Every structure is written in structure tokens, then in C-alpha cells.
>>> print(open('data05.txt').read())   # compact mmCIF, C-alpha atoms and all ligand atoms
# COMPACT_ATOMS: atom_id res chain seq x y z
CA MET B 1 -17.69 11.36 7.84
CA LYS B 2 -14.06 10.56 8.72
CA LYS B 3 -11.60 10.22 5.87
CA VAL B 4 -9.09 7.47 5.03
CA LEU B 5 -6.44 7.62 2.34
CA THR B 6 -3.79 5.29 1.07
CA GLY B 7 -1.62 4.80 -2.00
CA LEU B 8 0.46 2.05 -3.54
CA GLN B 9 3.46 2.47 -5.78
CA PRO B 10 3.15 1.04 -9.31
CA THR B 11 6.48 -0.74 -9.06
CA GLY B 12 6.30 -4.36 -10.14
CA GLU B 13 3.24 -6.52 -10.09
CA ILE B 14 1.44 -6.52 -6.76
CA THR B 15 1.56 -9.52 -4.50
CA LEU B 16 -0.74 -11.47 -2.24
CA GLY B 17 0.98 -9.51 0.57
CA ASN B 18 -0.16 -6.17 -0.89
CA TYR B 19 -3.64 -7.58 -1.35
CA ILE B 20 -3.98 -8.92 2.19
CA GLY B 21 -2.07 -6.07 3.87
CA ALA B 22 -3.28 -3.03 1.96
CA ILE B 23 -6.09 -3.56 -0.57
CA LYS B 24 -8.39 -5.99 1.25
CA PRO B 25 -8.50 -3.76 4.37
CA MET B 26 -9.55 -0.84 2.14
CA THR B 27 -12.49 -2.90 0.85
CA LYS B 28 -13.76 -2.97 4.47
CA LEU B 29 -12.92 0.65 5.31
CA GLN B 30 -14.73 1.94 2.23
CA ASP B 31 -18.07 1.11 3.88
CA GLU B 32 -17.41 3.33 6.89
CA TYR B 33 -15.22 6.15 5.66
CA ASP B 34 -14.89 8.70 2.92
CA SER B 35 -12.08 6.82 1.14
CA TYR B 36 -9.28 8.03 -1.10
CA LEU B 37 -7.12 5.56 -2.98
CA PHE B 38 -4.42 6.56 -5.42
CA VAL B 39 -1.50 5.27 -7.44
CA ALA B 40 1.71 6.81 -6.10
CA ASP B 41 3.50 7.07 -9.45
CA MET B 42 5.49 10.16 -8.38
CA HIS B 43 6.94 8.17 -5.51
CA SER B 44 7.91 5.33 -7.80
CA ILE B 45 10.29 7.54 -9.85
CA THR B 46 12.48 8.15 -6.79
CA VAL B 47 14.25 5.03 -8.07
CA ALA B 48 14.91 4.25 -11.74
CA GLN B 49 11.87 3.16 -13.78
CA ASN B 50 11.40 2.07 -17.35
CA PRO B 51 8.80 4.56 -18.74
CA LYS B 52 6.90 1.98 -20.79
CA GLU B 53 6.73 -0.47 -17.93
CA LEU B 54 5.74 2.27 -15.49
CA ARG B 55 2.76 3.38 -17.56
CA ASN B 56 1.68 -0.22 -17.95
CA ASN B 57 2.03 -0.86 -14.20
CA ILE B 58 -0.08 2.20 -13.34
CA LYS B 59 -2.99 0.89 -15.39
CA LYS B 60 -2.56 -2.65 -14.07
CA LEU B 61 -2.59 -1.45 -10.49
CA LEU B 62 -5.75 0.58 -11.03
CA ALA B 63 -7.52 -2.36 -12.66
CA LEU B 64 -6.42 -4.59 -9.78
CA TYR B 65 -7.80 -2.14 -7.21
CA LEU B 66 -11.22 -2.47 -8.81
CA ALA B 67 -10.94 -6.22 -9.39
CA CYS B 68 -10.02 -6.71 -5.72
CA GLY B 69 -13.29 -5.11 -4.63
CA ILE B 70 -12.49 -1.41 -4.36
CA ASP B 71 -15.82 0.19 -5.20
CA PRO B 72 -15.51 3.32 -7.38
CA ASN B 73 -18.76 4.60 -5.91
CA LYS B 74 -17.33 4.52 -2.41
CA ASN B 75 -13.77 5.64 -3.21
CA THR B 76 -12.15 8.59 -4.87
CA ILE B 77 -9.61 6.91 -7.14
CA TYR B 78 -6.85 8.85 -8.89
CA ILE B 79 -3.29 8.98 -10.17
CA GLN B 80 -0.96 11.11 -8.04
CA SER B 81 0.92 12.69 -10.97
CA GLU B 82 -2.32 13.95 -12.53
CA ASN B 83 -2.80 16.25 -9.56
CA GLU B 84 -0.01 18.83 -9.66
CA TYR B 85 -1.01 20.26 -6.29
CA HIS B 86 0.62 17.32 -4.50
CA THR B 87 4.07 18.43 -5.64
CA ASN B 88 3.23 22.11 -5.15
CA ILE B 89 2.23 21.43 -1.55
CA SER B 90 5.22 19.19 -1.12
CA TRP B 91 7.63 22.05 -1.89
CA LEU B 92 6.03 24.31 0.69
CA LEU B 93 6.24 21.50 3.22
CA GLU B 94 9.88 20.78 2.35
CA CYS B 95 10.65 24.27 3.50
CA THR B 96 9.14 23.46 6.88
CA THR B 97 10.92 20.10 7.22
CA TYR B 98 14.41 19.65 8.65
CA PHE B 99 17.23 17.88 6.83
CA GLY B 100 17.94 16.01 10.07
CA GLU B 101 14.40 14.64 10.23
CA LEU B 102 14.59 13.19 6.74
CA SER B 103 18.06 11.79 7.44
CA ARG B 104 16.57 9.69 10.21
CA MET B 105 13.98 7.92 8.02
CA THR B 106 14.82 4.22 8.07
CA GLN B 107 13.42 3.55 4.59
CA PHE B 108 15.74 6.25 3.19
CA LYS B 109 18.70 4.79 5.07
CA ASP B 110 17.96 1.30 3.70
CA LYS B 111 17.28 2.34 0.11
CA SER B 112 20.18 4.79 -0.15
CA LYS B 113 22.56 2.04 0.96
CA LYS B 114 21.54 -0.06 -2.03
CA ASN B 115 22.63 2.50 -4.62
CA ALA B 116 25.31 5.11 -3.94
CA ASN B 117 23.88 7.33 -6.71
CA PHE B 118 20.47 7.79 -5.16
CA SER B 119 18.25 10.68 -6.21
CA CYS B 120 17.30 13.74 -4.13
CA GLY B 121 13.71 12.55 -4.56
CA LEU B 122 14.50 9.45 -2.53
CA PHE B 123 15.48 11.76 0.32
CA THR B 124 12.45 14.07 0.12
CA TYR B 125 10.02 11.19 -0.59
CA PRO B 126 8.40 11.37 2.89
CA VAL B 127 7.50 15.05 2.36
CA LEU B 128 5.60 14.23 -0.82
CA MET B 129 3.84 11.52 1.15
CA ALA B 130 2.96 14.13 3.79
CA ALA B 131 1.52 16.34 1.03
CA ASP B 132 -0.56 13.40 -0.30
CA ILE B 133 -2.14 13.08 3.11
CA LEU B 134 -2.34 16.67 4.39
CA ALA B 135 -3.96 18.02 1.23
CA TYR B 136 -7.21 16.25 2.13
CA ASP B 137 -7.56 16.57 5.94
CA ILE B 138 -7.27 12.82 6.33
CA ASP B 139 -8.08 11.12 9.64
CA TYR B 140 -6.58 7.67 9.10
CA VAL B 141 -3.86 6.31 6.82
CA PRO B 142 -3.90 2.51 6.50
CA VAL B 143 -0.32 1.42 5.84
CA GLY B 144 2.06 -1.40 6.67
CA ILE B 145 4.41 -1.03 9.60
CA ASP B 146 7.25 0.08 7.26
CA GLN B 147 5.34 3.29 6.48
CA LYS B 148 4.43 4.19 10.06
CA GLN B 149 7.48 6.43 10.51
CA HIS B 150 6.44 8.44 7.43
CA VAL B 151 2.95 9.04 8.81
CA GLU B 152 4.45 10.10 12.13
CA LEU B 153 6.72 12.54 10.31
CA THR B 154 3.62 13.83 8.49
CA ARG B 155 2.10 14.65 11.88
CA ASP B 156 5.26 16.45 13.00
CA ILE B 157 5.41 18.53 9.82
CA ALA B 158 1.70 19.38 10.05
CA ASP B 159 1.97 20.33 13.70
CA ARG B 160 4.97 22.57 13.05
CA PHE B 161 3.20 24.29 10.15
CA ASN B 162 0.05 24.80 12.24
CA LYS B 163 2.04 26.38 15.06
CA LYS B 164 3.99 28.63 12.74
CA TYR B 165 1.26 29.77 10.34
CA GLY B 166 -2.01 29.01 12.12
CA ASP B 167 -4.35 26.04 12.00
CA THR B 168 -4.13 24.55 8.50
CA PHE B 169 -3.81 20.77 8.73
CA LYS B 170 -5.52 17.91 10.46
CA LEU B 171 -3.05 15.52 12.15
CA PRO B 172 -3.53 12.07 10.58
CA GLU B 173 -3.14 8.76 12.37
CA PRO B 174 -1.55 5.65 10.88
CA LEU B 175 -3.83 2.64 10.81
CA ILE B 176 -1.47 -0.30 11.04
CA SER B 177 -2.74 -3.69 9.97
CA GLU B 178 -2.37 -6.35 12.66
CA SER B 179 0.93 -8.22 12.73
CA GLY B 180 -0.95 -11.30 11.55
CA THR B 181 -1.49 -9.74 8.16
CA LYS B 182 2.17 -9.26 7.32
CA ILE B 183 2.66 -11.92 4.67
CA MET B 184 6.10 -13.46 4.42
CA ASP B 185 8.10 -14.80 1.50
CA LEU B 186 7.17 -18.47 0.98
CA THR B 187 10.78 -19.59 0.59
CA ASP B 188 12.22 -17.25 3.22
CA PRO B 189 9.47 -16.73 5.79
CA ILE B 190 11.40 -14.38 8.04
CA HIS B 191 11.32 -11.72 5.30
CA LYS B 192 8.21 -10.03 3.96
CA MET B 193 6.78 -11.04 0.61
CA SER B 194 7.85 -8.06 -1.46
CA LYS B 195 6.93 -6.83 -4.96
CA SER B 196 10.63 -6.38 -5.63
CA GLY B 197 11.92 -9.62 -4.07
CA ASP B 198 14.43 -11.62 -6.12
CA ASN B 199 13.11 -15.14 -5.65
CA GLU B 200 9.86 -15.55 -7.64
CA LYS B 201 9.19 -18.90 -5.94
CA GLY B 202 8.53 -17.11 -2.68
CA ILE B 203 6.21 -14.44 -4.11
CA ILE B 204 2.58 -14.92 -5.12
CA ARG B 205 1.63 -12.30 -7.70
CA MET B 206 -2.01 -11.36 -8.15
CA LEU B 207 -1.78 -12.17 -11.86
CA ASP B 208 0.07 -15.49 -11.52
CA GLU B 209 -1.59 -18.42 -13.29
CA PRO B 210 -3.52 -20.70 -10.88
CA GLU B 211 -1.12 -23.62 -11.48
CA VAL B 212 1.84 -21.37 -10.70
CA ILE B 213 0.22 -20.24 -7.44
CA ARG B 214 -0.47 -23.83 -6.48
CA LYS B 215 3.10 -24.86 -7.19
CA LYS B 216 4.52 -21.98 -5.14
CA ILE B 217 2.34 -22.83 -2.14
CA MET B 218 3.10 -26.56 -2.35
CA GLY B 219 6.81 -25.64 -2.41
CA ALA B 220 6.61 -23.28 0.58
CA VAL B 221 9.23 -23.80 3.28
CA THR B 222 7.88 -25.50 6.43
CA ASP B 223 9.61 -27.44 9.24
CA SER B 224 10.16 -31.04 10.30
CA GLU B 225 7.53 -31.12 13.02
CA ALA B 226 4.50 -31.88 10.82
CA THR B 227 1.90 -30.20 13.05
CA VAL B 228 -0.15 -27.23 11.94
CA LYS B 229 0.40 -24.87 14.85
CA PHE B 230 0.85 -21.10 15.01
CA ASP B 231 4.32 -20.12 16.21
CA MET B 232 5.79 -17.31 14.13
CA GLU B 233 9.16 -17.56 15.86
CA ASN B 234 9.88 -21.27 15.56
CA LYS B 235 7.50 -22.29 12.76
CA SER B 236 7.49 -19.22 10.55
CA GLY B 237 6.72 -21.10 7.31
CA VAL B 238 3.62 -22.86 8.61
CA SER B 239 2.51 -19.76 10.55
CA ASN B 240 2.79 -17.69 7.38
CA LEU B 241 0.56 -20.16 5.51
CA MET B 242 -1.87 -20.00 8.43
CA ASN B 243 -1.90 -16.19 8.17
CA ILE B 244 -2.71 -16.45 4.48
CA TYR B 245 -5.45 -19.03 5.09
CA SER B 246 -6.87 -16.93 7.93
CA ALA B 247 -6.87 -13.69 5.92
CA ILE B 248 -8.85 -15.33 3.13
CA THR B 249 -11.26 -17.55 5.07
CA GLY B 250 -11.68 -15.32 8.13
CA LYS B 251 -10.93 -18.32 10.39
CA THR B 252 -8.94 -17.85 13.60
CA ASN B 253 -5.65 -19.64 14.31
CA GLU B 254 -7.37 -21.95 16.81
CA GLU B 255 -9.99 -22.89 14.23
CA ILE B 256 -7.28 -23.60 11.67
CA GLU B 257 -5.22 -25.69 14.10
CA LYS B 258 -8.32 -27.74 14.85
CA GLU B 259 -9.30 -28.12 11.19
CA PHE B 260 -5.86 -29.58 10.32
CA GLU B 261 -5.22 -31.46 13.55
CA ASN B 262 -4.78 -34.81 11.87
CA CYS B 263 -3.41 -33.64 8.57
CA ASN B 264 0.11 -33.59 7.20
CA TYR B 265 1.68 -30.48 5.66
CA GLY B 266 0.88 -31.64 2.13
CA GLU B 267 -2.85 -31.73 2.89
CA PHE B 268 -2.69 -28.40 4.69
CA LYS B 269 -0.86 -26.77 1.79
CA ARG B 270 -3.42 -28.13 -0.69
CA SER B 271 -6.20 -26.48 1.30
CA VAL B 272 -4.29 -23.19 1.45
CA ALA B 273 -3.69 -23.39 -2.30
CA ASP B 274 -7.40 -24.11 -2.93
CA VAL B 275 -8.61 -20.99 -1.11
CA VAL B 276 -5.90 -18.73 -2.54
CA VAL B 277 -6.51 -19.95 -6.10
CA ALA B 278 -10.29 -19.53 -5.72
CA GLU B 279 -9.91 -15.97 -4.40
CA ILE B 280 -7.30 -14.90 -6.94
CA SER B 281 -9.05 -16.54 -9.92
CA ALA B 282 -12.21 -14.54 -9.21
CA ILE B 283 -10.12 -11.36 -9.02
CA GLN B 284 -8.32 -12.18 -12.27
CA GLU B 285 -11.59 -12.75 -14.09
CA LYS B 286 -12.73 -9.25 -13.14
CA TYR B 287 -9.29 -7.81 -13.83
CA TYR B 288 -9.20 -8.92 -17.46
CA LYS B 289 -12.64 -7.43 -18.09
CA ILE B 290 -11.59 -4.10 -16.59
CA ILE B 291 -8.19 -3.86 -18.28
CA ASN B 292 -9.81 -4.51 -21.65
CA GLY B 293 -12.78 -2.21 -21.04
CA ASN B 294 -13.03 1.57 -20.73
CA GLU B 295 -14.50 2.21 -17.31
CA LEU B 296 -11.12 3.22 -15.83
CA ASP B 297 -10.89 6.53 -17.68
CA GLU B 298 -14.23 7.70 -16.41
CA ILE B 299 -13.37 6.77 -12.82
CA LEU B 300 -10.01 8.54 -13.03
CA ASP B 301 -11.51 11.69 -14.59
CA LYS B 302 -14.00 11.88 -11.75
CA GLY B 303 -11.27 11.28 -9.15
CA ILE B 304 -8.94 13.90 -10.49
CA ASN B 305 -11.69 16.54 -10.69
CA ILE B 306 -12.60 16.01 -7.06
CA THR B 307 -9.06 15.85 -5.68
CA ARG B 308 -7.68 18.78 -7.66
CA LYS B 309 -10.34 21.09 -6.26
CA ILE B 310 -9.62 20.07 -2.67
CA ALA B 311 -5.83 20.11 -3.00
CA LYS B 312 -5.83 23.47 -4.82
CA GLU B 313 -7.76 25.06 -1.98
CA LYS B 314 -5.25 23.73 0.55
CA TYR B 315 -2.33 24.95 -1.56
CA GLU B 316 -3.80 28.46 -1.88
CA ASP B 317 -4.45 28.58 1.85
CA MET B 318 -0.84 27.57 2.59
CA LYS B 319 0.57 30.10 0.11
CA ASN B 320 -1.49 32.87 1.64
CA LYS B 321 -0.47 32.02 5.16
CA MET B 322 3.20 31.87 4.12
CA GLY B 323 3.04 35.24 2.36
CA LEU B 324 3.79 33.93 -1.11
CA GLY B 325 2.65 35.68 -4.31
CA ARG B 326 0.63 38.86 -4.52
P1 LIG J 401 4.87 -1.77 -1.09
O1 LIG J 401 4.67 -3.04 -1.89
O2 LIG J 401 6.03 -1.91 -0.16
O3 LIG J 401 4.87 -0.54 -1.92
O4 LIG J 401 3.63 -1.66 -0.11
C1 LIG J 401 2.34 -1.22 -0.47
C2 LIG J 401 1.39 -1.50 0.67
O5 LIG J 401 1.23 -2.94 0.85
C3 LIG J 401 1.88 -0.97 2.04
O6 LIG J 401 0.77 -0.54 2.82
C4 LIG J 401 2.52 -2.20 2.65
O7 LIG J 401 2.62 -2.15 4.04
C5 LIG J 401 1.62 -3.33 2.15
N1 LIG J 401 2.40 -4.58 2.06
C6 LIG J 401 3.45 -4.78 1.24
N2 LIG J 401 3.94 -6.04 1.37
C7 LIG J 401 3.17 -6.63 2.33
C8 LIG J 401 3.19 -7.94 2.93
N3 LIG J 401 4.08 -8.86 2.57
N4 LIG J 401 2.26 -8.23 3.86
C9 LIG J 401 1.35 -7.28 4.21
N5 LIG J 401 1.28 -6.04 3.70
C10 LIG J 401 2.18 -5.71 2.76
N1 LIG J 402 5.03 5.33 0.52
C1 LIG J 402 3.93 4.41 0.39
C2 LIG J 402 4.44 2.99 0.13
O1 LIG J 402 5.49 2.81 -0.43
C3 LIG J 402 3.01 4.83 -0.74
C4 LIG J 402 2.40 6.15 -0.44
C5 LIG J 402 2.69 7.35 -1.04
C6 LIG J 402 1.40 6.43 0.53
N2 LIG J 402 1.93 8.34 -0.51
C7 LIG J 402 1.14 7.82 0.45
C8 LIG J 402 0.71 5.62 1.43
C9 LIG J 402 0.20 8.44 1.30
C10 LIG J 402 -0.21 6.25 2.26
C11 LIG J 402 -0.46 7.64 2.21
O2 LIG J 402 3.77 2.04 0.47
>>> encode(input="data05.txt", output="C-alpha cells")
Amino acid sequence: MKKVLTGLQPTGEITLGNYIGAIKPMTKLQDEYDSYLFVADMHSITVAQNPKELRNNIKKLLALYLACGIDPNKNTIYIQSENEYHTNISWLLECTTYFGELSRMTQFKDKSKKNANFSCGLFTYPVLMAADILAYDIDYVPVGIDQKQHVELTRDIADRFNKKYGDTFKLPEPLISESGTKIMDLTDPIHKMSKSGDNEKGIIRMLDEPEVIRKKIMGAVTDSEATVKFDMENKSGVSNLMNIYSAITGKTNEEIEKEFENCNYGEFKRSVADVVVAEISAIQEKYYKIINGNELDEILDKGINITRKIAKEKYEDMKNKMGLGR
């Protein structure tokens, strides 16, 4: 069985964009693949975090995974920092990665511009991501387009290691969600809806109250044309709402255009709000049961036992091939 793996950082409360772009696709992939899903808490500390908030966000994210339909019987679910072999492997890989390669990573260039005192971890972040993937001989890595460069670097590092020390790693492929599933900010629809965006009105959070979600959708930026038609370039606001509606209902753009042919934007937005609120309310109901229950610990214990064994074996193999230790 082929393997897929992905992780999300526990930074801020996840959005409808994360759900549609990253979690919902995993709920489909879990039926076909041996699936690994983790919380990338070690990646999150590459920028400053409040320890109390971080711990809280880790648990929230895990509960949301399950509430969103990630099945613990079909996925190995774990917390990155509980498996020390990720960082052990990462160090060995750092020594087979060039400074120049990491300097070219666009996410590093963007993030390091924002704060002149950035950490070394922000720079080596992609190598830890490579370790997350290479430890498990993963075939596919479902990520958003912003992470594609990191998966490509992972392939380069793996290939170099294989050539230097002998066949050790499988070369993973990024699985990029279609452009249609990139959800934009409701108030600024040329930018992606981001966990860390500054304008809350443009961001739908998975734990927002239904009335809040409704208000945000009704206030979404549109245009003066008043026809529901897909045109990301000229009608980005309406097209974004169509993407959201499509991702939840499974309807195509043509079907949506037809459904709202004689409707104004207010009616269209109400329908979008109805489906989003219905989907998110069901998720929230499950979420509150999980966060107040104790099933998470058992799932995480199982996940960490499985992944530690696999990652340890890979680490020992690498160490041997590199001539480390006795
Ligand atoms: P991030 O929130 O940037 O840590 O991203 C976590 C995962 O969610 C990555 O696979 C992203 O590509 C995906 N993602 C984040 N924001 C969006 C969005 N607005 N639309 C679709 N996918 C997203
Ligand atoms: N860097 C990813 C993000 O910010 C999270 C991540 C860490 C990841 N390790 C990974 C994703 C390994 C896929 C595979 O979205």
C-alpha cells in the first residue's frame, strides 16, 4: 500500500482554508493509502510562540483532525516533538544539505524579511520537513502550493544522500490540491485565507460561532456586476465563494452558475453561509465531545509507538551508512 503523509503547524486556530485545502483531502486519501498525519509543533517554534497557547493549540488541532473526519483507524496520528528521531534524522540531513539551497527557499526569504532577528530554525526548517517525510518512505505528500518547493528540496536531499551513501530513501512526490481549492480571504480575495492573517472579518475559523460565520460570509467582498459567474481574475470575491460552495457541496462551477442564475449576491451568499454553517456546526459538535473526552491520548500513544519504531530504524540505517558511532 502506498503511503501519504502530511502535517499542519499548531499556530493559531485553523481556518476553512486549512480544512478545504489540507484536512478534507486527507479524509478521502485515508481510504486508499496508508496515511500519516501529524502536528508539526517543532516547526511552529521556528517563530516565537507562547508556551501555554502552543500546548493548547496542539490539542485543539488534534481534536479538529478527528472532528473533521480523520479516522484514527485509517491514520497514524502523532505529535512531531514526541518522536525525537525526526530531529536526529534532520541533523544528519542538514549535513547533506547546502547553505545555498536553503537560502533559495521562498518561504524563508518571505518570513526572514518580516523579522530581522529570525532564528536559525527558520532557516533549517525545510530539512526538518524532509526528515518528517523521509523517515517513513512516503510516496505522496499532500500540501498547498506554498509547500511544493520544500517537497522538491526533500527529493533533492534524498537523492543526494542515496547517491553518496547507497539507497536509503524513497523520493516523495508533492500532491498539490487543485487551484480551485485555494481559499482566499473574504475581505481581500487576492490573498489566501491564512491562520495568521490580520483581518478577522476575512477569515473563517473552524471554531467560529455559526452567527459569526454567517456575518463574515454576508460581508464578503464581491463586485458590482451582480452575476454569479466564475472568473478568478476579474471576480475574485464571487469566485472564491463559489470555490467554497463547490468544495462543500461537490457541485461544479457550471452547476453553481446555473443554480444562482436569477439570484442576487445576497441570496447567493445566504446559500453559501447555509452550507458552510451546516458543515462546520457538525464538526464543532464532534470537536467539543473529543476535546472534553479522553480518546486523544490513546490515539497519540498508538501513533507514537508506531512512528518511533519506523523512524528509529531509518536513523540507525543512516548512521551506519555515514560511519557514525561504533
Ligand atoms: P498553514 O496554515 O499555512 O500552516 O497550512 C497548512 C496546510 O493548509 C497546508 O497544506 C496549506 O497549503 C493548506 N492551506 C492553508 N491555507 C489554505 C487556504 N487558504 N486554502 C487552501 N489550503 C490552505
Ligand atoms: N511546513 C508545513 C506547513 O507549514 C508543515 C509540515 C511540516 C509538513 N512537516 C511536513 C507538511 C511534512 C507535509 C510534510 O504547512
>>> residues_near_ligand(input="data05.txt", ligand="ligand LIG 402 (chain J)", cutoff="10 Å", atoms="all atoms listed in the file", output="compact mmCIF listing (two decimals) with C-alpha atoms, in the coordinates of the input")
# COMPACT_ATOMS: atom_id res chain seq x y z
CA VAL B 4 -9.09 7.47 5.03
CA LEU B 5 -6.44 7.62 2.34
CA THR B 6 -3.79 5.29 1.07
CA GLY B 7 -1.62 4.80 -2.00
CA LEU B 8 0.46 2.05 -3.54
CA GLN B 9 3.46 2.47 -5.78
CA PRO B 10 3.15 1.04 -9.31
CA THR B 11 6.48 -0.74 -9.06
CA ASN B 18 -0.16 -6.17 -0.89
CA ALA B 22 -3.28 -3.03 1.96
CA TYR B 36 -9.28 8.03 -1.10
CA LEU B 37 -7.12 5.56 -2.98
CA PHE B 38 -4.42 6.56 -5.42
CA VAL B 39 -1.50 5.27 -7.44
CA ALA B 40 1.71 6.81 -6.10
CA ASP B 41 3.50 7.07 -9.45
CA MET B 42 5.49 10.16 -8.38
CA HIS B 43 6.94 8.17 -5.51
CA SER B 44 7.91 5.33 -7.80
CA GLN B 80 -0.96 11.11 -8.04
CA HIS B 86 0.62 17.32 -4.50
CA GLN B 107 13.42 3.55 4.59
CA TYR B 125 10.02 11.19 -0.59
CA PRO B 126 8.40 11.37 2.89
CA VAL B 127 7.50 15.05 2.36
CA LEU B 128 5.60 14.23 -0.82
CA MET B 129 3.84 11.52 1.15
CA ALA B 130 2.96 14.13 3.79
CA ALA B 131 1.52 16.34 1.03
CA ASP B 132 -0.56 13.40 -0.30
CA ILE B 133 -2.14 13.08 3.11
CA LEU B 134 -2.34 16.67 4.39
CA ILE B 138 -7.27 12.82 6.33
CA TYR B 140 -6.58 7.67 9.10
CA VAL B 141 -3.86 6.31 6.82
CA PRO B 142 -3.90 2.51 6.50
CA VAL B 143 -0.32 1.42 5.84
CA GLY B 144 2.06 -1.40 6.67
CA ILE B 145 4.41 -1.03 9.60
CA ASP B 146 7.25 0.08 7.26
CA GLN B 147 5.34 3.29 6.48
CA LYS B 148 4.43 4.19 10.06
CA HIS B 150 6.44 8.44 7.43
CA VAL B 151 2.95 9.04 8.81
CA THR B 154 3.62 13.83 8.49
CA PRO B 172 -3.53 12.07 10.58
CA PRO B 174 -1.55 5.65 10.88
CA LEU B 175 -3.83 2.64 10.81
>>> atom_distance(input="data05.txt", atom1="CA of Lys319 in chain B", atom2="CA of Thr307 in chain B")
18.1 Å
>>> atom_distance(input="data05.txt", atom1="CA of Lys195 in chain B", atom2="CA of Leu61 in chain B")
12.3 Å
>>> closest_residue(input="data05.txt", among="B:Met322, B:Ile256, B:Ile77, B:Ile183", to="ligand LIG 401 (chain J)", atoms="only C-alpha atoms and all ligand atoms")
B:Ile183
>>> atom_distance(input="data05.txt", atom1="CA of Glu13 in chain B", atom2="CA of Thr76 in chain B")
22.2 Å
>>> closest_residue(input="data05.txt", among="B:Ile157, B:Leu296, B:Leu171, B:Met193", to="Cys95 in chain B", atoms="only C-alpha atoms")
B:Ile157
>>> closest_residue(input="data05.txt", among="B:Glu53, B:Glu259, B:Asp185, B:Asp274", to="ligand LIG 401 (chain J)", atoms="only C-alpha atoms and all ligand atoms")
B:Asp185
>>> closest_residue(input="data05.txt", among="B:Arg270, B:Arg308, B:Lys229, B:His191", to="Glu254 in chain B", atoms="only C-alpha atoms")
B:Lys229
>>> residues_around(input="data05.txt", residues="Lys182 in chain B", least_positions_apart="5", cutoff="7 Å", atoms="only C-alpha atoms", output="PDB file with C-alpha atoms, in the frame of the given file")
ATOM      1  CA  GLY B  17       0.980  -9.510   0.570  1.00  0.00           C
ATOM      2  CA  GLY B  21      -2.070  -6.070   3.870  1.00  0.00           C
ATOM      3  CA  LYS B 192       8.210 -10.030   3.960  1.00  0.00           C
TER       4      LYS B 192
END
>>> closest_residue(input="data05.txt", among="B:Ser196, B:Ser119, B:Ser81, B:Gln284", to="ligand LIG 401 (chain J)", atoms="all atoms listed in the file")
B:Ser196
